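Notes to accompany the following structure.
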Amino acid sequence: MKFLVWALVIYLVWRWFVALKKIAATKKNEFDEPDARSPDLSMPTASTAEPEKMVQCMQCGLHLPQSEAVTDGRSSYCSQSHLLLHQSR
Ligand SMILES: [Zn+2]
C-alpha cells in the first residue's frame, strides 16, 4: 500500500514539473516575439488613456468632467444650485 502512495506522489511531482516546463516554454516564446504581442498591449492602454470630455459651468465658468456636471439638456453646470441660479435669471 505504501508503494501506491509513493507512486502517486512521484506521479504528481512529475506532472507539476512538466507543467512548470510548459509555462517556462510559453513565456520564452512570448519574449522571442515581442512584435507580435505589442499591438495587443497598446490597444487597451490607448482606450483607457482617453481623456474625459470637459464641460464648462454656464453660471461660474468652472471646467469639470462631463460625468460630474449637472445638465438641463442644453447647458452644463457645476452644481444643481448653479443650474437653478442660471435659470432664474
Ligand atoms: Zn458653477
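Residues are referred to by chain and number: the chain letter is A, B, ... according to the order shown in the C-alpha cells, the number counts from 1 in that chain, and ligands are numbered separately from 1 in the order shown.
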Within 9 Å of ligand 1 (counting only C-alpha atoms and all ligand atoms), which residues show up? I'd like them as a PyMOL selection string. chain A and resi 56-63+76-83
Write the selection just made, keeping N, CA and C atoms, as a PDB file, in the first residue's frame?
```pdb
ATOM      1  N   GLN A  56     -18.148  73.240 -19.384  1.00  0.00           N
ATOM      2  CA  GLN A  56     -17.996  74.471 -18.611  1.00  0.00           C
ATOM      3  C   GLN A  56     -19.331  74.847 -17.971  1.00  0.00           C
ATOM      4  N   CYS A  57     -19.269  75.240 -16.700  1.00  0.00           N
ATOM      5  CA  CYS A  57     -20.468  75.691 -15.996  1.00  0.00           C
ATOM      6  C   CYS A  57     -20.917  77.016 -16.599  1.00  0.00           C
ATOM      7  N   MET A  58     -22.228  77.105 -16.960  1.00  0.00           N
ATOM      8  CA  MET A  58     -22.746  78.317 -17.584  1.00  0.00           C
ATOM      9  C   MET A  58     -22.859  79.464 -16.574  1.00  0.00           C
ATOM     10  N   GLN A  59     -22.854  79.151 -15.295  1.00  0.00           N
ATOM     11  CA  GLN A  59     -23.035  80.178 -14.261  1.00  0.00           C
ATOM     12  C   GLN A  59     -21.704  80.787 -13.825  1.00  0.00           C
ATOM     13  N   CYS A  60     -20.728  79.942 -13.466  1.00  0.00           N
ATOM     14  CA  CYS A  60     -19.474  80.461 -12.922  1.00  0.00           C
ATOM     15  C   CYS A  60     -18.280  80.212 -13.841  1.00  0.00           C
ATOM     16  N   GLY A  61     -18.452  79.429 -14.912  1.00  0.00           N
ATOM     17  CA  GLY A  61     -17.367  79.217 -15.865  1.00  0.00           C
ATOM     18  C   GLY A  61     -16.395  78.133 -15.476  1.00  0.00           C
ATOM     19  N   LEU A  62     -16.690  77.389 -14.422  1.00  0.00           N
ATOM     20  CA  LEU A  62     -15.802  76.325 -13.969  1.00  0.00           C
ATOM     21  C   LEU A  62     -15.792  75.174 -14.967  1.00  0.00           C
ATOM     22  N   HIS A  63     -14.585  74.637 -15.244  1.00  0.00           N
ATOM     23  CA  HIS A  63     -14.468  73.456 -16.102  1.00  0.00           C
ATOM     24  C   HIS A  63     -14.498  72.208 -15.246  1.00  0.00           C
ATOM     25  N   SER A  76     -24.496  72.875 -19.299  1.00  0.00           N
ATOM     26  CA  SER A  76     -23.939  72.124 -18.187  1.00  0.00           C
ATOM     27  C   SER A  76     -23.583  73.079 -17.053  1.00  0.00           C
ATOM     28  N   TYR A  77     -23.690  72.571 -15.831  1.00  0.00           N
ATOM     29  CA  TYR A  77     -23.392  73.371 -14.643  1.00  0.00           C
ATOM     30  C   TYR A  77     -22.579  72.530 -13.664  1.00  0.00           C
ATOM     31  N   CYS A  78     -21.843  73.236 -12.761  1.00  0.00           N
ATOM     32  CA  CYS A  78     -21.000  72.525 -11.807  1.00  0.00           C
ATOM     33  C   CYS A  78     -21.832  71.951 -10.671  1.00  0.00           C
ATOM     34  N   SER A  79     -23.026  72.496 -10.435  1.00  0.00           N
ATOM     35  CA  SER A  79     -23.865  72.009  -9.341  1.00  0.00           C
ATOM     36  C   SER A  79     -25.326  72.321  -9.635  1.00  0.00           C
ATOM     37  N   GLN A  80     -26.209  71.683  -8.865  1.00  0.00           N
ATOM     38  CA  GLN A  80     -27.654  71.906  -9.033  1.00  0.00           C
ATOM     39  C   GLN A  80     -28.011  73.359  -8.726  1.00  0.00           C
ATOM     40  N   SER A  81     -27.338  73.962  -7.720  1.00  0.00           N
ATOM     41  CA  SER A  81     -27.670  75.340  -7.333  1.00  0.00           C
ATOM     42  C   SER A  81     -27.318  76.320  -8.450  1.00  0.00           C
ATOM     43  N   HIS A  82     -26.212  76.064  -9.190  1.00  0.00           N
ATOM     44  CA  HIS A  82     -25.843  76.965 -10.289  1.00  0.00           C
ATOM     45  C   HIS A  82     -26.801  76.789 -11.455  1.00  0.00           C
ATOM     46  N   LEU A  83     -27.330  75.573 -11.638  1.00  0.00           N
ATOM     47  CA  LEU A  83     -28.334  75.355 -12.681  1.00  0.00           C
ATOM     48  C   LEU A  83     -29.569  76.201 -12.383  1.00  0.00           C
TER      49      LEU A  83
END
```
By how many Å are CA of Val13 (chain A) and CA of Glu30 (chain A) apart? 26.0 Å
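A straight line drawn from CA of Leu84 (chain A) to CA of Lys53 (chain A) is 23.1 Å long.
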Could you state the separation of CA of Arg15 (chain A) and CA of Met1 (chain A) in Å, given to one decimal place? 21.4 Å
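Between Val70 (chain A) and the candidates A:Ala7, A:Ala19, A:Ala25, A:Val55, the tightest atom-to-atom separation, counting only C-alpha atoms, involves A:Val55.
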